[in-house]
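Written below as structure tokens is the structure these notes are about.
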Amino acid sequence: MKVAMTINGTSQQHEIEPRVLLVQFIREVAGLTGTNVGCDTTSCGTCTVLLDGESVKSCTILAVQADGAQITTIEGLAEPGTLHPMQEAFRENHALQCGFCTPGMVLAAVSLLQENAHPSEQEVRSALEGNLCRCTGYHNIVKAILAAADAAEVPA
Amino acid sequence: MIPASFDYRRAASADEAIALLTENGDDAKLLAGGHSLLPLMKLRLARPSVLIDISRLADLSYIRADGDQIAIGALTRHHDVEVSELLAREVPLLPAAAGQVGDPQIRHRGTIGGSLAHGDPASDLPAVVLALGGSMVVRGPGGERSIPATEFFAGFMETALAADEVLTEIRVPRLEGAGWSFQKFNRRAHDWAIVGVAAVRRGAGSGANGGGAGVALVNMASTPVRATAVEEALAGGASATEAAAHAADGLDPPSDINATPEFRRHLAQVLVRRALEEAGA
Ligand SMILES: Cc1cc2nc3c(=O)[nH]c(=O)nc-3n(C[C@H](O)[C@H](O)[C@H](O)COP(=O)(O)OP(=O)(O)OC[C@H]3O[C@@H](n4cnc5c(N)ncnc54)[C@H](O)[C@@H]3O)c2cc1C
Ligand code: FES
Ligand code: FES
């Protein structure tokens, strides 16, 4: 069936089987491989993207369910060659090592700050419940998100 | 992993969903948030040949006051329950529990109706609706009926819903200041409860929604279950500690990788005591 959605501002219309997952649509149909698949069982959060602005696990959504939606993946967070403030905060705070979890972490963090602009450290930690990192021990990820929230307080 | 092939139908209304269920019989399944059904389909533990997508039925996503009850549309997502000001004021137990379901991504997709219709004894919200003394409004080809939560959970992942019925609304009584608590014990972030407890303690006979205590357990039986022995002990004047000793009476808790039945019985007693203490007299 025909499915159309906007990914990172670009319209993507393709003929697919209804059983195609959103993450496959993003990676294999639209060719955007920044979104990783870690567990494929709704656990690790590496496949996190924004669906109409909210974080979701794209391994557990059918592409047909996102028909008509606005999707943001890590590639679409900032203009090419620039970094989104959250990406910048991750870089500044050494919040990644291998980087596999990072796209999902960054998008989960962006979604968190949209719902709660000034989270406490505990709130940041709870909000990352669905995102696993095998490398960093989370400490610098939490620091980066708190730093991004602080930076957003300063008027541009 | 991708699910086995199926026909995808998008319902534009609850009535269309019912018509599609009637037409397709047992091979059809409703798809709400998909966060219980799609994982099962990916593992081929569920293989519906027709999937009826009801996730876009915006008129079944609402939270509103209705007399001494609060009515919640079945397609309301866990996140909307978690942040609802009306619920925070009137039935704070429900947002407190919804905020502990899975993780934020799961709460952005999963629905209260899906949680209840799935009938998983390990899920949080069925126990909450049981403890509150809520009810389910379901609609089928013959019209609408209301099922009390105590009669809704029929067996392991089985409910009183007929194959051609759609759960449309969940109704819970206002707490009217009654004490409440939700206790969830797990070892891994974002996981299901190894054991959980939802408790409500109303002053005797106070308010339109009656007196007495409601206590229900997560993951202590093949269905979400009320801790009736605890409720009876409280009604007979027992203290929190005395009543909590009866938490596992008559129950046959499951054994799995996380816990033996004995450990679950122990957890139920400890968590019920904590819940009753937190909910107050
Ligand atoms: C990794 C992970 C962790 C989780 N952790 C928790 C947890 O800690 N606690 C917890 O409670 N839950 C947890 N869940 C489950 C989650 O809450 C699901 O969202 C919920 O159980 C099902 O809701 P859904 O809308 O996604 O339903 P779906 O998956 O769409 O549907 C589930 C079942 O209900 C039926 N159904 C759905 N809506 C209706 C309706 N309106 N009428 C009739 N039948 C209907 C479907 O046909 C299907 O059989 C977790 C899920 C995952 C993947
Ligand atoms: S790949 Fe989706 S949660 Fe792990
Ligand atoms: S940086 Fe390696 S998994 Fe997180």
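Convention: chains lettered A, B, ... in structure tokens order; per-chain residue numbering from 1; ligands numbered from 1 as shown.
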Check every residue of chain A for an atom within 10 Å of chain B, counting only C-alpha atoms, and provide those that qualify as a count of residues only.
38
Return as a PyMOL selection string the residues of protein, DNA or RNA that approach ligand 3 to within 10 Å, with only C-alpha atoms and all ligand atoms taken into account.
chain A and resi 38+44+46+94-105+131-138+141
Out of region 62-148 of chain B, which residues get strand (DSSP E or B) from DSSP, as a PyMOL selection string?
chain B and resi 63-66+69-73+77+111+135-140+143-148
Serialized selection, N, CA and C atoms, as a short mmCIF file (atom, residue, chain, number, x, y, z; two decimals), in the first residue's frame:
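Dumped everything to part.cif:
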```cif
data_model
loop_
_atom_site.label_atom_id
_atom_site.label_comp_id
_atom_site.auth_asym_id
_atom_site.auth_seq_id
_atom_site.Cartn_x
_atom_site.Cartn_y
_atom_site.Cartn_z
N ILE B 63 -10.14 12.61 28.40
CA ILE B 63 -10.26 12.39 29.85
C ILE B 63 -11.24 13.45 30.32
N ARG B 64 -12.41 13.03 30.83
CA ARG B 64 -13.37 14.04 31.28
C ARG B 64 -14.15 13.60 32.51
N ALA B 65 -14.61 14.62 33.25
CA ALA B 65 -15.40 14.35 34.45
C ALA B 65 -16.82 14.05 34.03
N ASP B 66 -17.44 13.07 34.70
CA ASP B 66 -18.81 12.72 34.41
C ASP B 66 -19.46 12.33 35.75
N GLN B 69 -17.71 10.23 38.53
CA GLN B 69 -16.71 9.39 37.88
C GLN B 69 -15.84 10.21 36.92
N ILE B 70 -14.72 9.62 36.54
CA ILE B 70 -13.90 10.20 35.48
C ILE B 70 -13.93 9.19 34.33
N ALA B 71 -14.20 9.68 33.13
CA ALA B 71 -14.28 8.81 31.95
C ALA B 71 -13.04 9.02 31.09
N ILE B 72 -12.42 7.93 30.69
CA ILE B 72 -11.19 8.01 29.91
C ILE B 72 -11.38 7.20 28.63
N GLY B 73 -11.21 7.85 27.49
CA GLY B 73 -11.35 7.17 26.21
C GLY B 73 -10.29 6.08 26.08
N ARG B 77 -3.47 7.82 25.45
CA ARG B 77 -2.13 7.25 25.62
C ARG B 77 -1.65 7.39 27.07
N THR B 111 -1.69 2.69 24.89
CA THR B 111 -2.97 3.26 25.32
C THR B 111 -3.53 2.53 26.54
N SER B 135 -14.82 0.51 35.82
CA SER B 135 -15.56 -0.35 34.90
C SER B 135 -15.16 -0.04 33.46
N MET B 136 -15.46 -0.97 32.56
CA MET B 136 -15.14 -0.81 31.14
C MET B 136 -16.43 -0.66 30.35
N VAL B 137 -16.43 0.30 29.45
CA VAL B 137 -17.56 0.43 28.53
C VAL B 137 -17.13 -0.19 27.21
N VAL B 138 -17.88 -1.18 26.73
CA VAL B 138 -17.51 -1.86 25.49
C VAL B 138 -18.69 -1.79 24.51
N ARG B 139 -18.34 -1.76 23.24
CA ARG B 139 -19.37 -1.63 22.22
C ARG B 139 -19.22 -2.75 21.19
N GLY B 140 -20.33 -3.35 20.83
CA GLY B 140 -20.33 -4.41 19.83
C GLY B 140 -21.48 -4.21 18.86
N GLY B 143 -24.72 -3.14 20.42
CA GLY B 143 -24.78 -1.94 21.25
C GLY B 143 -23.73 -1.94 22.34
N GLU B 144 -23.98 -1.12 23.37
CA GLU B 144 -22.97 -0.87 24.38
C GLU B 144 -23.32 -1.61 25.67
N ARG B 145 -22.29 -2.06 26.40
CA ARG B 145 -22.54 -2.57 27.76
C ARG B 145 -21.38 -2.15 28.64
N SER B 146 -21.63 -2.22 29.95
CA SER B 146 -20.61 -1.82 30.91
C SER B 146 -20.22 -3.05 31.72
N ILE B 147 -18.91 -3.27 31.88
CA ILE B 147 -18.43 -4.45 32.60
C ILE B 147 -17.61 -3.97 33.80
N PRO B 148 -17.98 -4.35 35.03
CA PRO B 148 -17.16 -3.95 36.17
C PRO B 148 -15.77 -4.59 36.05
#
```
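Here atom 1 (C, counted along the ligand's line) of ligand 1 is placed at a distance of 9.3 Å from CA of Val101 (chain B).
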For ligand 1, which residue out of A:Met5, A:Cys39, A:Ser11, A:Gly31 is the nearest one, using only C-alpha atoms and all ligand atoms?
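Of all the options, A:Cys39 lies closest to ligand 1.
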To one decimal place, how far is CA of Asn140 (chain A) from CA of Ala117 (chain A) in Å?
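Between these atoms lies a distance of 18.7 Å.
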Neighbours of Leu251 (chain B) within 12 Å (only C-alpha atoms; same-chain residues fewer than 2 positions away dropped), as a list of chain:residue names?
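The residues that qualify are B:Leu217, B:Val218, B:Asn219, B:Met220, B:Ala221, B:Ser222, B:Thr223, B:Pro224, B:Val225, B:Arg226, B:Ala227, B:Thr228, B:Ala229, B:His246, B:Ala247, B:Ala248, B:Asp249, B:Pro253, B:Pro254, B:Pro261, B:Glu262, B:Arg264, B:Arg265, B:Ala268.
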Please provide as a PyMOL selection string all residues within 8 Å of region 176-179 of chain B, with the sequence filter that same-chain residues fewer than 5 positions apart are discarded (counting only C-alpha atoms).
chain B and resi 90+200-203+207+278-281
Only N, CA, C and O atoms, please: the residues just picked out, written as a PDB file, in the first residue's frame.
```
ATOM      1  N   GLU B  90      -8.277  14.424  40.699  1.00  0.00           N
ATOM      2  CA  GLU B  90      -9.417  13.582  41.076  1.00  0.00           C
ATOM      3  C   GLU B  90      -9.076  12.110  41.341  1.00  0.00           C
ATOM      4  O   GLU B  90      -9.730  11.458  42.129  1.00  0.00           O
ATOM      5  N   VAL B 200      -6.272   1.671  47.529  1.00  0.00           N
ATOM      6  CA  VAL B 200      -7.107   2.847  47.796  1.00  0.00           C
ATOM      7  C   VAL B 200      -7.749   2.634  49.158  1.00  0.00           C
ATOM      8  O   VAL B 200      -8.267   1.548  49.436  1.00  0.00           O
ATOM      9  N   ARG B 201      -7.675   3.629  50.032  1.00  0.00           N
ATOM     10  CA  ARG B 201      -8.355   3.508  51.333  1.00  0.00           C
ATOM     11  C   ARG B 201      -9.288   4.684  51.529  1.00  0.00           C
ATOM     12  O   ARG B 201      -8.851   5.813  51.675  1.00  0.00           O
ATOM     13  N   ARG B 202     -10.574   4.391  51.518  1.00  0.00           N
ATOM     14  CA  ARG B 202     -11.575   5.442  51.730  1.00  0.00           C
ATOM     15  C   ARG B 202     -12.045   5.384  53.174  1.00  0.00           C
ATOM     16  O   ARG B 202     -12.199   4.309  53.729  1.00  0.00           O
ATOM     17  N   GLY B 203     -12.310   6.539  53.758  1.00  0.00           N
ATOM     18  CA  GLY B 203     -12.894   6.566  55.089  1.00  0.00           C
ATOM     19  C   GLY B 203     -14.244   5.864  55.026  1.00  0.00           C
ATOM     20  O   GLY B 203     -14.940   5.945  54.008  1.00  0.00           O
ATOM     21  N   GLY B 207     -18.459   9.948  51.234  1.00  0.00           N
ATOM     22  CA  GLY B 207     -18.559  10.330  49.825  1.00  0.00           C
ATOM     23  C   GLY B 207     -19.455   9.418  49.010  1.00  0.00           C
ATOM     24  O   GLY B 207     -19.867   8.340  49.447  1.00  0.00           O
ATOM     25  N   GLU B 278       1.192   3.837  53.190  1.00  0.00           N
ATOM     26  CA  GLU B 278       1.226   5.082  52.432  1.00  0.00           C
ATOM     27  C   GLU B 278      -0.190   5.622  52.194  1.00  0.00           C
ATOM     28  O   GLU B 278      -0.417   6.834  52.214  1.00  0.00           O
ATOM     29  N   ALA B 279      -1.142   4.708  51.964  1.00  0.00           N
ATOM     30  CA  ALA B 279      -2.513   5.140  51.694  1.00  0.00           C
ATOM     31  C   ALA B 279      -3.211   5.644  52.951  1.00  0.00           C
ATOM     32  O   ALA B 279      -4.263   6.272  52.872  1.00  0.00           O
ATOM     33  N   GLY B 280      -2.651   5.328  54.117  1.00  0.00           N
ATOM     34  CA  GLY B 280      -3.207   5.846  55.370  1.00  0.00           C
ATOM     35  C   GLY B 280      -4.451   5.104  55.812  1.00  0.00           C
ATOM     36  O   GLY B 280      -4.915   4.179  55.151  1.00  0.00           O
ATOM     37  N   ALA B 281      -4.985   5.520  56.943  1.00  0.00           N
ATOM     38  CA  ALA B 281      -6.113   4.782  57.532  1.00  0.00           C
ATOM     39  C   ALA B 281      -7.425   5.128  56.832  1.00  0.00           C
ATOM     40  O   ALA B 281      -7.529   6.142  56.198  1.00  0.00           O
TER      41      ALA B 281
END
```
For the helix (DSSP H, G or I) assignment from backbone DSSP, which residues of region 210-270 of chain B qualify? Please present them as an MDAnalysis selection string.
chainID B and resid 228:235 240:244 261:270
Region 84-89 of chain A surroundings by only C-alpha atoms, 10 Å radius, close-in-sequence under 6 positions cut, as a PyMOL selection string
chain A and resi 74+76-78+95+102-103+105-107+109-110+113+140-141+143-149+151-152
Measuring atom to atom with only C-alpha atoms and all ligand atoms, identify which of B:Ala213, B:Ala240, B:Ala154, B:Ala17 is nearest to ligand 1.
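Checking each of B:Ala213, B:Ala240, B:Ala154, B:Ala17 against ligand 1, counting only C-alpha atoms and all ligand atoms, the winner is B:Ala17.
Between atom 26 (O, counted along the ligand's line) of ligand 1 and CA of Gln12 (chain A) lies a distance of 25.6 Å.
The residue that comes closest to Val270 (chain B), out of B:Glu242, B:Asp124, B:Asp252, B:Glu232 and on the basis of only C-alpha atoms, is B:Glu242.
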